[in-house]
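**Q** Got a structure for you, questions after.
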Amino acid sequence: MERLRGLWSTWGSPPGTPTMSLLARCLRRPAGAALLLCVLACPAGLRPADPDPEAESLLSRLEAAWRNGDEAAWLALWDFDGPEQRAGEEEIVRNAFASDETALSFLLRPSPPRGAARFSADVQVFAADEPRARVAYWRLAFARRAGRWAVVGRQEAGSLDGLVHLSLAPRAFRARGVSLRLEDFELRMEDGTLFSTPEDLGPTAFAFVGRGRVRFSPAPPAEREQLRQFSGATAIDREVSWAFFRLHPADFHGALDTGRLEPEANPGPHRARAEEVWRARSERSFLIDAPLPRSPWWLMPSPGDAVVDFPWGRKRVLTLAISSGEPEDVNLFDRDRRRQICTYPSGGRSARYSEDDRRVVDVLDNDVTARFDPDRLEVVATHTMQVRLLAPTGTLRLRLHDDFRVASVTSEDGGRLLFFRVREQGNLVVSLGPLAQGDRPFRITTRYAGRHDPAPVDQEVAQVTTPLVLDLVDDGLVERPPLVYSNRTAWYPRPPAEDFATARVGIDTPAGWLGVVGGELLSAKTEGGRTRAEYRLAQPGKFVTAIVGRLADVGMRQEGEQAIRGFAGQRVRGETLTRMQAAQEMLTFYAKRFGPSPYPTVGLVVAEGETPAGHSPPGLLYLQVRPPVLRGRSLPDDPANFGDLPGFFLAHEAAHQWWGQGTAPANYRERWLSEAWAQYASALWLRERLGEGTFRSMMDRMARWALRYDTAGPIHLGQRLGHLKQDPRVFRAVVYDKGAWVLHMLRGLLGDEAFFAGARAFLEGHRYAKAGTEDLRAALEEASGRDLGPYFERWIYDTGLPVIRWSARTTRTETGFRSTFEVRPQGLPGPLPLQLTATTADGVERRTVELDPAGGSWTLDTRSEARRLQLNEDRGLLARFERAGRLPQR
Ligand SMILES: [Zn+2]
């Protein structure tokens with residue numbers, strides 16, 4: 001039985017690009033499944049020097065018998081072991097030929113050599129019995145018996161079930177006071193007509209027309225806040241005039257109070273409107289494009305899954321989806337505008353999970369050979385991945401951008417695999433057929449091509465590109481920025497969640513261009529007007545990035561274990577050598593604090609671009625620098641823009657080799673483990689280079705951003721912060737800047753030794769793997785012997801920063817002066833160090849105290865009178881500080 005699982009949202013991809021796929025599993029095998037038609041052209045396969053013509057003739061006769069629906073001819077090609085085997089085969093073939101349409105094709109047409117005694121062949125058999133269809137995979141065994149070749153056995157090796165054709169049945173139900181209930185959601189059909197699919201299919205698709213009401217009230221507070229940001233209210237309760245929904249037929253009675261449905265005596269008045277709804281909505285869920293006869297087909301939703309479309313205002317439609325296979329199975333989104341409104345686990349389950357927990361496949365190695373023609377944005381590629389199945393699955397769900405047309409998907413032996421794409425979902429689903437049976441790793445090769453413009457790099461600063469830059473490029477004042485094919489768009493087939501794998505990549509470009517990939521450059525040569533460079537990433541990385549530009553290799557530096565190879569555009573060649581040295585120093589600085597670099601050979605690409613930006617794929621650093629002609633222009637104010645601090649971008653990107661690449665966040669919510677660490681590590685580097693003053697001013701700027709946007713949601717909302725308002729500054733203010741502050745405060749709390757020991761243990765324990773907030777907490781607790789639970793709860797999973805009210809005054813004493821600080825915090829998760837400062841004409845007196853949530857008062861004695869009293873001069877604490885003349889009595 002086949003299981004197809006789907007994701008509604010893949011937050012592993014960047015915000016603003018939620019992908020929605022609607023796959024499902026089919027519950028049961030259609031009764032008396034008929035077996036039908038040929039799906040794929042059979043490839044030639046590898047032919048031995050001396051093929052056996054008799055065997056080949058048998059295969060041709062087998063195909064012809066199936067094509068002609070000739071039962072007698074089919075059976076005549078068999079040599080049965082006994083009457084039982086014959087009877088079984090007769091039944092199967094009779095059912096198949098009785099179906100509406102059937103087709104048989106070889107996945108790989110075998111060609112046994114002369115003198116062979118046995119061989120086998122994998123076939124794919126499609127069968128449609130309207131309104132259903134099924135694809136089965138058989139392994140047929142052939143043997144030479146009594147001087148002739150015959151089929152001697154057939155083994156079922158997987159199937160793809162649940163393909164259906166949907167239509168609206170003529171009859172309908174009167175729905176008066178009937179509710180469809182899903183997690184936190186109700187569609188109440190007050191008075192109207194409910195149309196559904198015909199009885200032979202069961203009730204799976206529905207169009208409701210009439211007076212209804214939609215209620216949705218998400219349980220998690222952070223989701224209610226997201227809904228408020230979207231709609232102005234923390235719950236939905238509104239009237240609707242129609243709805244479209246899909247369920248598995250087995251859920252019909254459970255999800256709806258079907259007892260209250262009566263046959264509609266006169267569905268006529270509502271029918272035209274229902275058909276309109278049907279036309280607009282039915283093709284948007286569970287519809288697949290596959291090279292199968294009678295396409296397109298819909299998939300049956302899995303039991304427990306559901307999709308409901310309902311109107312939102314005049315023109316918009318919202319979709320509620322329950323995807324039981326996903327860790328966050330309740331989803332509300334606006335499909336047309338690509339807005340994910342709410343996403344969370346049902347039943348109060350925790351959102352602290354790893355996206356790898358349910359994965360069914362592990363990618364071990366990626367091998368990409370790609371030809372880029374950057375002027376036309378054309379890519380022609382062959383991608384082979386070596387995978388290992390972690391759980392039984394008959395299909396492999398991959399991401400691949402819709403710009404690419406897939407020519408073929410083949411297995412190691414060259415056998416063709418059936419693949420299909422769910423419309424507009426950027427995915428590629430491969431039916432594994434007989435491969436689903438084995439437990440050894442295997443390889444799958446996809447050939448594809450297309451014109452694809454990769455999005456701008458996953459930039460650290462809002463990037464408003466290109467008309468200006470393109471003009472300057474035309475004028476020769478700026479070099480054209482390279483194309484960065486990265487994890488932002490799926491430019492090669494990959495699982496929905498990024499997967500650590502080694503890689504070998506060959507990039508072919510026109511001469512004058514060079515493709516750069518992470519890891520070690522193995523070779524590069526130019527011949528016949530094309531340049532071909534080959535790379536090897538020997539350590540596992542989450543994805544492969546190819547930077548294609550007018551770049552040249554500027555050489556290699558090696559210090560200790562760490563090697564850096566530079567690549568640069570013509571105009572920035574000189575400064576690239578300086579930056580290579582800086583990068584080397586940064587990597588050494590980080591290695592001391594975070595342990596050895598996960599990628600000992602790193603490439604550094606420097607190119608010109610409109611705004612400073614960076615990207616840090618495994619084993620590669622990309623730095624976009626502003627050309628002199630633009631350097632005077634001010635940059636947009638942004639929580640991640642510290643471009644005025646020399647070295648900031650490179651330091652941030654270099655830190656990502658540890659934080660984000662070597663060890664990756666466990667899901668989209670955990671992005672702070674990558675960005676906050678990169679941000680904080682770069683602040684530490686800047687302190688090392690530029691001193692405490694620079695460090696504090698950077699912490700101050702980050703504090704301002706964090707305080708400005710903190711109410712938008714918790715750090716643990718990750719990539720969804722700012723998504724609804726399409727304001728990426730919210731994400732960066734909370735995840736980068738507040739996150740960096742959280743690390744800074746933890747360091748203050750634990751001290752350098754325990755903090756960095758915990759960080760190293762975390763990285764070492766999760767090297768080339770994914771990890772979450774809880775793993776970091778455990779590592780820091782282990783290193784420090786402290787319970788950090790309350791701090792993480794408040795800072796990471798909760799919204800809101802502490803408010804610290806304080807007052808201070810100085811009085812004369814017998815020997816000098818005494819300053820008394822009174823501090824009253826609100827929302828402090830636990831005790832934290834706080835620095836008190838009194839500045840006098842003679843100097844500065846400082847005292848660090850432990851501030852606990854109840855607050856307290858402390859004194860500082862000075863010889864002369866204090867001119868200035870300060871709290872938090874060392875920037876140890878992120879809070880809203882409010883100084884009052886006198887604090888009210890508690
Ligand atoms: Zn970053």
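Labeling convention for the structure tokens: chains A, B, ... as they appear, residues from 1 per chain, ligands from 1 in order of appearance.
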Could you give me, as a PyMOL selection string, every polymer residue with an atom at most 9 Å away from an atom of ligand 1, counting only C-alpha atoms and all ligand atoms?

**A** chain A and resi 458-460+614-616+640+649+652-653+655-656+660+674-679+736

**Q** Excluding Leu59 (chain A) and residues on its chain fewer than 2 positions from it, collect all residues at most 10 Å away from it, counting only C-alpha atoms, and give them as an MDAnalysis selection string.

**A** chainID A and resid 53:57 61:65 77 106 109:111 121 142 149:151

**Q** Write the selection just made, keeping C-alpha atoms, as a JSON list (two decimals), in the first residue's frame?

**A**
[["chain", "number", "residue", "atom", "x", "y", "z"],
["A", 53, "PRO", "CA", 17.05, -12.79, -29.84],
["A", 54, "GLU", "CA", 14.58, -15.34, -28.47],
["A", 55, "ALA", "CA", 14.40, -13.57, -25.12],
["A", 56, "GLU", "CA", 13.88, -10.25, -26.87],
["A", 57, "SER", "CA", 11.14, -11.71, -28.95],
["A", 61, "ARG", "CA", 5.19, -10.69, -27.59],
["A", 62, "LEU", "CA", 4.45, -9.97, -23.93],
["A", 63, "GLU", "CA", 4.01, -6.28, -24.68],
["A", 64, "ALA", "CA", 1.84, -7.03, -27.69],
["A", 65, "ALA", "CA", -0.39, -9.42, -25.73],
["A", 77, "LEU", "CA", 3.92, -16.97, -22.81],
["A", 106, "PHE", "CA", 9.26, -2.06, -18.88],
["A", 109, "ARG", "CA", 13.94, -3.36, -21.00],
["A", 110, "PRO", "CA", 16.30, -6.23, -20.23],
["A", 111, "SER", "CA", 18.52, -7.75, -22.84],
["A", 121, "ALA", "CA", 12.33, -7.51, -15.59],
["A", 142, "PHE", "CA", 11.88, -15.45, -16.91],
["A", 149, "TRP", "CA", 11.99, -18.78, -22.82],
["A", 150, "ALA", "CA", 8.88, -18.35, -20.68],
["A", 151, "VAL", "CA", 7.54, -16.15, -17.90]]

**Q** Among region 331-419 of chain A, which ones does DSSP place in strand (DSSP E), written as a ChimeraX atom specification?

**A** /A:331-334,339-344,361-373,378-389,395-399,404-411,419

**Q** If I take CA of Trp297 (chain A) and CA of Glu283 (chain A), how far is one from the other in Å, to one decimal?

**A**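 Result for CA of Trp297 (chain A) versus CA of Glu283 (chain A): 9.8 Å, one decimal.
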
**Q** Work out how far CA of Gly210 (chain A) is from CA of Met189 (chain A), in Å to one decimal.

**A**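 CA of Met189 (chain A) sits 7.6 Å away from CA of Gly210 (chain A).
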
**Q** For region 510-525 of chain A, please output as a list in words all residues within 6 Å (counting only C-alpha atoms; exclusion window: fewer than 6 positions along the same chain).

**A**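 Within the cut-off, the hits are Thr531, Arg532, Ala533, Glu534, Tyr535, Arg536, Leu537, Thr545, Ala546, Ile547, Val548, Gly549, Arg550, Leu551, Thr601, Val602, Pro618, Gly619 and Leu620 of chain A.
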
**Q** Suppose we keep C-alpha atoms; can you now write the selection as a CSV table (one decimal), in the first residue's frame?

**A**
chain,number,residue,atom,x,y,z
A,531,THR,CA,35.1,26.4,-18.9
A,532,ARG,CA,34.5,23.4,-16.7
A,533,ALA,CA,35.3,23.4,-13.0
A,534,GLU,CA,34.9,20.4,-10.7
A,535,TYR,CA,34.5,20.5,-6.9
A,536,ARG,CA,34.3,18.1,-4.1
A,537,LEU,CA,32.7,18.8,-0.7
A,545,THR,CA,25.4,26.3,-4.0
A,546,ALA,CA,26.8,27.3,-7.4
A,547,ILE,CA,27.9,30.9,-7.8
A,548,VAL,CA,28.2,31.6,-11.5
A,549,GLY,CA,29.9,34.8,-12.6
A,550,ARG,CA,32.7,36.5,-14.4
A,551,LEU,CA,35.1,35.2,-11.7
A,601,THR,CA,38.7,24.0,2.8
A,602,VAL,CA,36.6,27.1,2.2
A,618,PRO,CA,28.8,24.9,3.3
A,619,GLY,CA,32.5,25.3,2.6
A,620,LEU,CA,31.9,28.7,0.8

**Q** List as number ranges by chain the protein and nucleic acid residues near Ala116 (chain A), meaning an atom at most 9 Å away when only C-alpha atoms are counted, but skip any in the same chain fewer than 3 places from it.

**A** A: 52, 112-113, 119, 143-144

**Q** For the residues in the current selection, export N, CA, C and O atoms as a PDB file, in the first residue's frame.

**A**
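What ended up in out15.pdb:
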ATOM      1  N   ASP A  52      20.305 -12.246 -26.656  1.00  0.00           N
ATOM      2  CA  ASP A  52      19.568 -13.449 -27.048  1.00  0.00           C
ATOM      3  C   ASP A  52      18.286 -13.031 -27.784  1.00  0.00           C
ATOM      4  O   ASP A  52      17.380 -12.458 -27.185  1.00  0.00           O
ATOM      5  N   PRO A 112      19.005 -10.020 -22.072  1.00  0.00           N
ATOM      6  CA  PRO A 112      19.909 -11.079 -21.594  1.00  0.00           C
ATOM      7  C   PRO A 112      20.790 -11.603 -22.728  1.00  0.00           C
ATOM      8  O   PRO A 112      20.356 -11.636 -23.882  1.00  0.00           O
ATOM      9  N   PRO A 113      22.022 -11.945 -22.376  1.00  0.00           N
ATOM     10  CA  PRO A 113      22.935 -12.460 -23.408  1.00  0.00           C
ATOM     11  C   PRO A 113      22.579 -13.900 -23.783  1.00  0.00           C
ATOM     12  O   PRO A 113      21.892 -14.603 -23.035  1.00  0.00           O
ATOM     13  N   PHE A 119      16.424 -14.518 -16.214  1.00  0.00           N
ATOM     14  CA  PHE A 119      16.570 -13.074 -16.023  1.00  0.00           C
ATOM     15  C   PHE A 119      15.245 -12.542 -15.483  1.00  0.00           C
ATOM     16  O   PHE A 119      14.250 -13.280 -15.418  1.00  0.00           O
ATOM     17  N   ALA A 143      12.569 -17.692 -17.396  1.00  0.00           N
ATOM     18  CA  ALA A 143      13.524 -18.815 -17.368  1.00  0.00           C
ATOM     19  C   ALA A 143      13.451 -19.560 -18.700  1.00  0.00           C
ATOM     20  O   ALA A 143      12.437 -19.514 -19.405  1.00  0.00           O
ATOM     21  N   ARG A 144      14.568 -20.179 -19.026  1.00  0.00           N
ATOM     22  CA  ARG A 144      14.590 -21.042 -20.217  1.00  0.00           C
ATOM     23  C   ARG A 144      14.198 -22.420 -19.767  1.00  0.00           C
ATOM     24  O   ARG A 144      14.869 -23.051 -18.975  1.00  0.00           O
TER      25      ARG A 144
END

**Q** Taking 5 positions as the minimum chain separation for residues in the same chain, which residues sit within 12 Å of Gly82 (chain A) when counting only C-alpha atoms? Answer as a PDB file with C-alpha atoms, in the first residue's frame.

**A**
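Below you can see selection.pdb, which holds the result:
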ATOM      1  CA  ALA A  87      -5.624 -19.537 -11.963  1.00  0.00           C
ATOM      2  CA  GLY A  88      -4.074 -16.575 -10.116  1.00  0.00           C
ATOM      3  CA  GLU A  89      -2.577 -15.180 -13.276  1.00  0.00           C
ATOM      4  CA  VAL A 152       7.707 -18.224 -14.718  1.00  0.00           C
ATOM      5  CA  GLY A 153       6.774 -15.845 -11.923  1.00  0.00           C
TER       6      GLY A 153
END

**Q** One number please: CA of Pro829 (chain A) to CA of Val849 (chain A), in Å, one decimal.

**A**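 Result for CA of Pro829 (chain A) versus CA of Val849 (chain A): 16.1 Å, one decimal.
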
**Q** When you look at Leu871 (chain A) with a cut-off of 10 Å (counting only C-alpha atoms), what residues show up, excluding the ones that are within fewer than 4 positions of it in the same chain? I need them as a PyMOL selection string.

**A** chain A and resi 804+806-808+821+823+834-838+846-848+875-877+881+883

**Q** Selection from above, all heavy atoms, as a short mmCIF file (atom, residue, chain, number, x, y, z; two decimals), in the first residue's frame, can you write it?

**A**
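That gives us part.cif:
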data_model
loop_
_atom_site.label_atom_id
_atom_site.label_comp_id
_atom_site.auth_asym_id
_atom_site.auth_seq_id
_atom_site.Cartn_x
_atom_site.Cartn_y
_atom_site.Cartn_z
N ILE A 804 12.77 47.47 33.38
CA ILE A 804 13.49 47.66 34.63
C ILE A 804 13.36 49.11 35.08
O ILE A 804 13.87 50.03 34.45
CB ILE A 804 14.96 47.24 34.47
CG1 ILE A 804 14.94 45.75 34.15
CG2 ILE A 804 15.78 47.59 35.73
CD1 ILE A 804 16.22 45.03 34.25
N TRP A 806 14.07 51.96 37.79
CA TRP A 806 15.08 52.18 38.81
C TRP A 806 15.16 53.63 39.21
O TRP A 806 14.75 54.54 38.47
CB TRP A 806 16.44 51.66 38.36
CG TRP A 806 17.03 52.37 37.17
CD1 TRP A 806 16.58 52.32 35.89
CD2 TRP A 806 18.17 53.23 37.15
NE1 TRP A 806 17.37 53.08 35.07
CE2 TRP A 806 18.37 53.65 35.82
CE3 TRP A 806 19.06 53.69 38.14
CZ2 TRP A 806 19.40 54.50 35.44
CZ3 TRP A 806 20.10 54.53 37.76
CH2 TRP A 806 20.26 54.93 36.42
N SER A 807 15.68 53.82 40.40
CA SER A 807 15.95 55.18 40.87
C SER A 807 17.29 55.16 41.58
O SER A 807 17.74 54.11 42.02
CB SER A 807 14.84 55.65 41.81
OG SER A 807 14.95 54.95 43.03
N ALA A 808 17.94 56.30 41.65
CA ALA A 808 19.23 56.36 42.31
C ALA A 808 19.44 57.75 42.86
O ALA A 808 19.03 58.74 42.24
CB ALA A 808 20.34 56.02 41.33
N PHE A 821 21.08 52.69 44.79
CA PHE A 821 20.32 52.30 43.59
C PHE A 821 19.16 51.43 44.05
O PHE A 821 19.37 50.47 44.78
CB PHE A 821 21.17 51.45 42.64
CG PHE A 821 22.29 52.21 41.98
CD1 PHE A 821 23.47 52.47 42.66
CD2 PHE A 821 22.17 52.63 40.66
CE1 PHE A 821 24.51 53.15 42.03
CE2 PHE A 821 23.20 53.31 40.03
CZ PHE A 821 24.37 53.56 40.72
N VAL A 823 16.22 49.06 42.35
CA VAL A 823 15.88 48.50 41.04
C VAL A 823 14.65 47.60 41.17
O VAL A 823 14.59 46.72 42.03
CB VAL A 823 17.06 47.68 40.46
CG1 VAL A 823 16.75 47.21 39.06
CG2 VAL A 823 18.33 48.52 40.47
N LEU A 834 23.97 42.59 37.02
CA LEU A 834 23.65 43.95 36.61
C LEU A 834 24.74 44.87 37.13
O LEU A 834 25.13 44.81 38.30
CB LEU A 834 22.30 44.36 37.22
CG LEU A 834 21.85 45.80 36.97
CD1 LEU A 834 21.57 46.05 35.49
CD2 LEU A 834 20.61 46.13 37.80
N GLN A 835 25.22 45.73 36.25
CA GLN A 835 26.30 46.62 36.65
C GLN A 835 25.78 47.99 37.07
O GLN A 835 24.95 48.58 36.38
CB GLN A 835 27.30 46.79 35.50
CG GLN A 835 28.60 47.41 35.96
CD GLN A 835 29.59 47.58 34.83
OE1 GLN A 835 29.27 48.14 33.80
NE2 GLN A 835 30.80 47.08 35.03
N LEU A 836 26.26 48.45 38.23
CA LEU A 836 25.93 49.79 38.73
C LEU A 836 27.19 50.65 38.57
O LEU A 836 28.28 50.19 38.84
CB LEU A 836 25.58 49.74 40.21
CG LEU A 836 24.71 48.58 40.71
CD1 LEU A 836 24.59 48.63 42.23
CD2 LEU A 836 23.32 48.65 40.07
N THR A 837 27.00 51.89 38.12
CA THR A 837 28.16 52.76 37.90
C THR A 837 27.91 54.14 38.51
O THR A 837 26.83 54.71 38.32
CB THR A 837 28.41 52.93 36.38
OG1 THR A 837 28.49 51.65 35.79
CG2 THR A 837 29.71 53.70 36.12
N ALA A 838 28.89 54.64 39.21
CA ALA A 838 28.85 56.02 39.69
C ALA A 838 30.09 56.74 39.19
O ALA A 838 31.21 56.28 39.40
CB ALA A 838 28.80 56.04 41.22
N ARG A 846 32.46 51.08 40.04
CA ARG A 846 31.51 50.13 39.44
C ARG A 846 31.27 48.98 40.40
O ARG A 846 32.17 48.57 41.13
CB ARG A 846 32.03 49.57 38.13
CG ARG A 846 32.23 50.62 37.05
CD ARG A 846 32.53 49.96 35.71
NE ARG A 846 32.71 50.98 34.68
CZ ARG A 846 33.88 51.56 34.39
NH1 ARG A 846 34.97 51.23 35.06
NH2 ARG A 846 33.94 52.49 33.45
N ARG A 847 30.08 48.44 40.32
CA ARG A 847 29.78 47.28 41.13
C ARG A 847 28.81 46.41 40.33
O ARG A 847 27.84 46.93 39.76
CB ARG A 847 29.14 47.73 42.44
CG ARG A 847 28.77 46.58 43.34
CD ARG A 847 28.16 47.10 44.65
NE ARG A 847 27.68 45.97 45.44
CZ ARG A 847 26.88 46.06 46.48
NH1 ARG A 847 26.45 47.25 46.88
NH2 ARG A 847 26.49 44.99 47.12
N THR A 848 29.10 45.10 40.25
CA THR A 848 28.16 44.21 39.57
C THR A 848 27.42 43.40 40.63
O THR A 848 28.04 42.79 41.50
CB THR A 848 28.88 43.29 38.59
OG1 THR A 848 29.52 44.10 37.60
CG2 THR A 848 27.91 42.37 37.87
N ARG A 875 26.45 46.92 29.27
CA ARG A 875 25.51 46.30 28.34
C ARG A 875 25.37 44.80 28.66
O ARG A 875 25.56 43.96 27.81
CB ARG A 875 25.92 46.44 26.88
CG ARG A 875 26.36 47.82 26.45
CD ARG A 875 25.30 48.86 26.74
NE ARG A 875 25.59 50.08 26.04
CZ ARG A 875 26.32 51.10 26.54
NH1 ARG A 875 26.81 51.02 27.76
NH2 ARG A 875 26.51 52.18 25.82
N GLY A 876 25.07 44.51 29.91
CA GLY A 876 24.93 43.11 30.29
C GLY A 876 23.51 42.61 30.15
O GLY A 876 23.27 41.41 30.09
N LEU A 877 22.57 43.52 30.07
CA LEU A 877 21.17 43.14 30.17
C LEU A 877 20.35 43.84 29.09
O LEU A 877 20.49 45.05 28.91
CB LEU A 877 20.68 43.57 31.56
CG LEU A 877 19.36 43.03 32.08
CD1 LEU A 877 19.40 41.51 32.11
CD2 LEU A 877 19.12 43.57 33.49
N PHE A 881 14.85 50.15 30.14
CA PHE A 881 15.22 50.78 31.41
C PHE A 881 14.44 52.07 31.57
O PHE A 881 14.42 52.90 30.67
CB PHE A 881 16.73 51.06 31.44
CG PHE A 881 17.55 49.81 31.58
CD1 PHE A 881 18.00 49.12 30.45
CD2 PHE A 881 17.86 49.31 32.84
CE1 PHE A 881 18.75 47.96 30.59
CE2 PHE A 881 18.61 48.15 32.98
CZ PHE A 881 19.05 47.47 31.85
N ARG A 883 14.06 55.17 34.23
CA ARG A 883 14.53 55.77 35.47
C ARG A 883 13.49 56.75 35.98
O ARG A 883 12.93 57.53 35.22
CB ARG A 883 15.85 56.50 35.23
CG ARG A 883 16.41 57.03 36.52
CD ARG A 883 17.81 57.56 36.36
NE ARG A 883 18.27 58.08 37.68
CZ ARG A 883 19.45 58.60 37.88
NH1 ARG A 883 20.31 58.69 36.88
NH2 ARG A 883 19.78 59.03 39.07
#

**Q** Set out as a Markdown table a contact list for region 680-784 of chain A and region 587-591 of chain A with a cut-off of 10 Å, giving each residue of region 680-784 of chain A that qualifies its closest atom pair and distance in Å to one decimal, counting only C-alpha atoms, ordered by chain and rising residue number.

**A**
| residue | atom | partner | partner_atom | distance |
| --- | --- | --- | --- | --- |
| A:Ala681 | CA | A:Tyr590 | CA | 7.7 |
| A:Ser682 | CA | A:Tyr590 | CA | 9.4 |
| A:Leu684 | CA | A:Tyr590 | CA | 9.5 |
| A:Trp685 | CA | A:Phe589 | CA | 7.5 |
| A:Glu688 | CA | A:Phe589 | CA | 9.1 |
| A:Arg760 | CA | A:Ala591 | CA | 9.6 |

**Q** Nearest to Leu428 (chain A) among A:Gly647, A:Pro495, A:Pro831, A:Pro296, with distances taken over only C-alpha atoms: which residue is it?

**A** A:Pro495

**Q** Find the residue from A:Arg720, A:Glu101, A:Pro303, A:Arg671 that sits nearest to Trp66 (chain A); use only C-alpha atoms when measuring.

**A**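 Using only C-alpha atoms, the shortest distance to Trp66 (chain A) belongs to A:Glu101.
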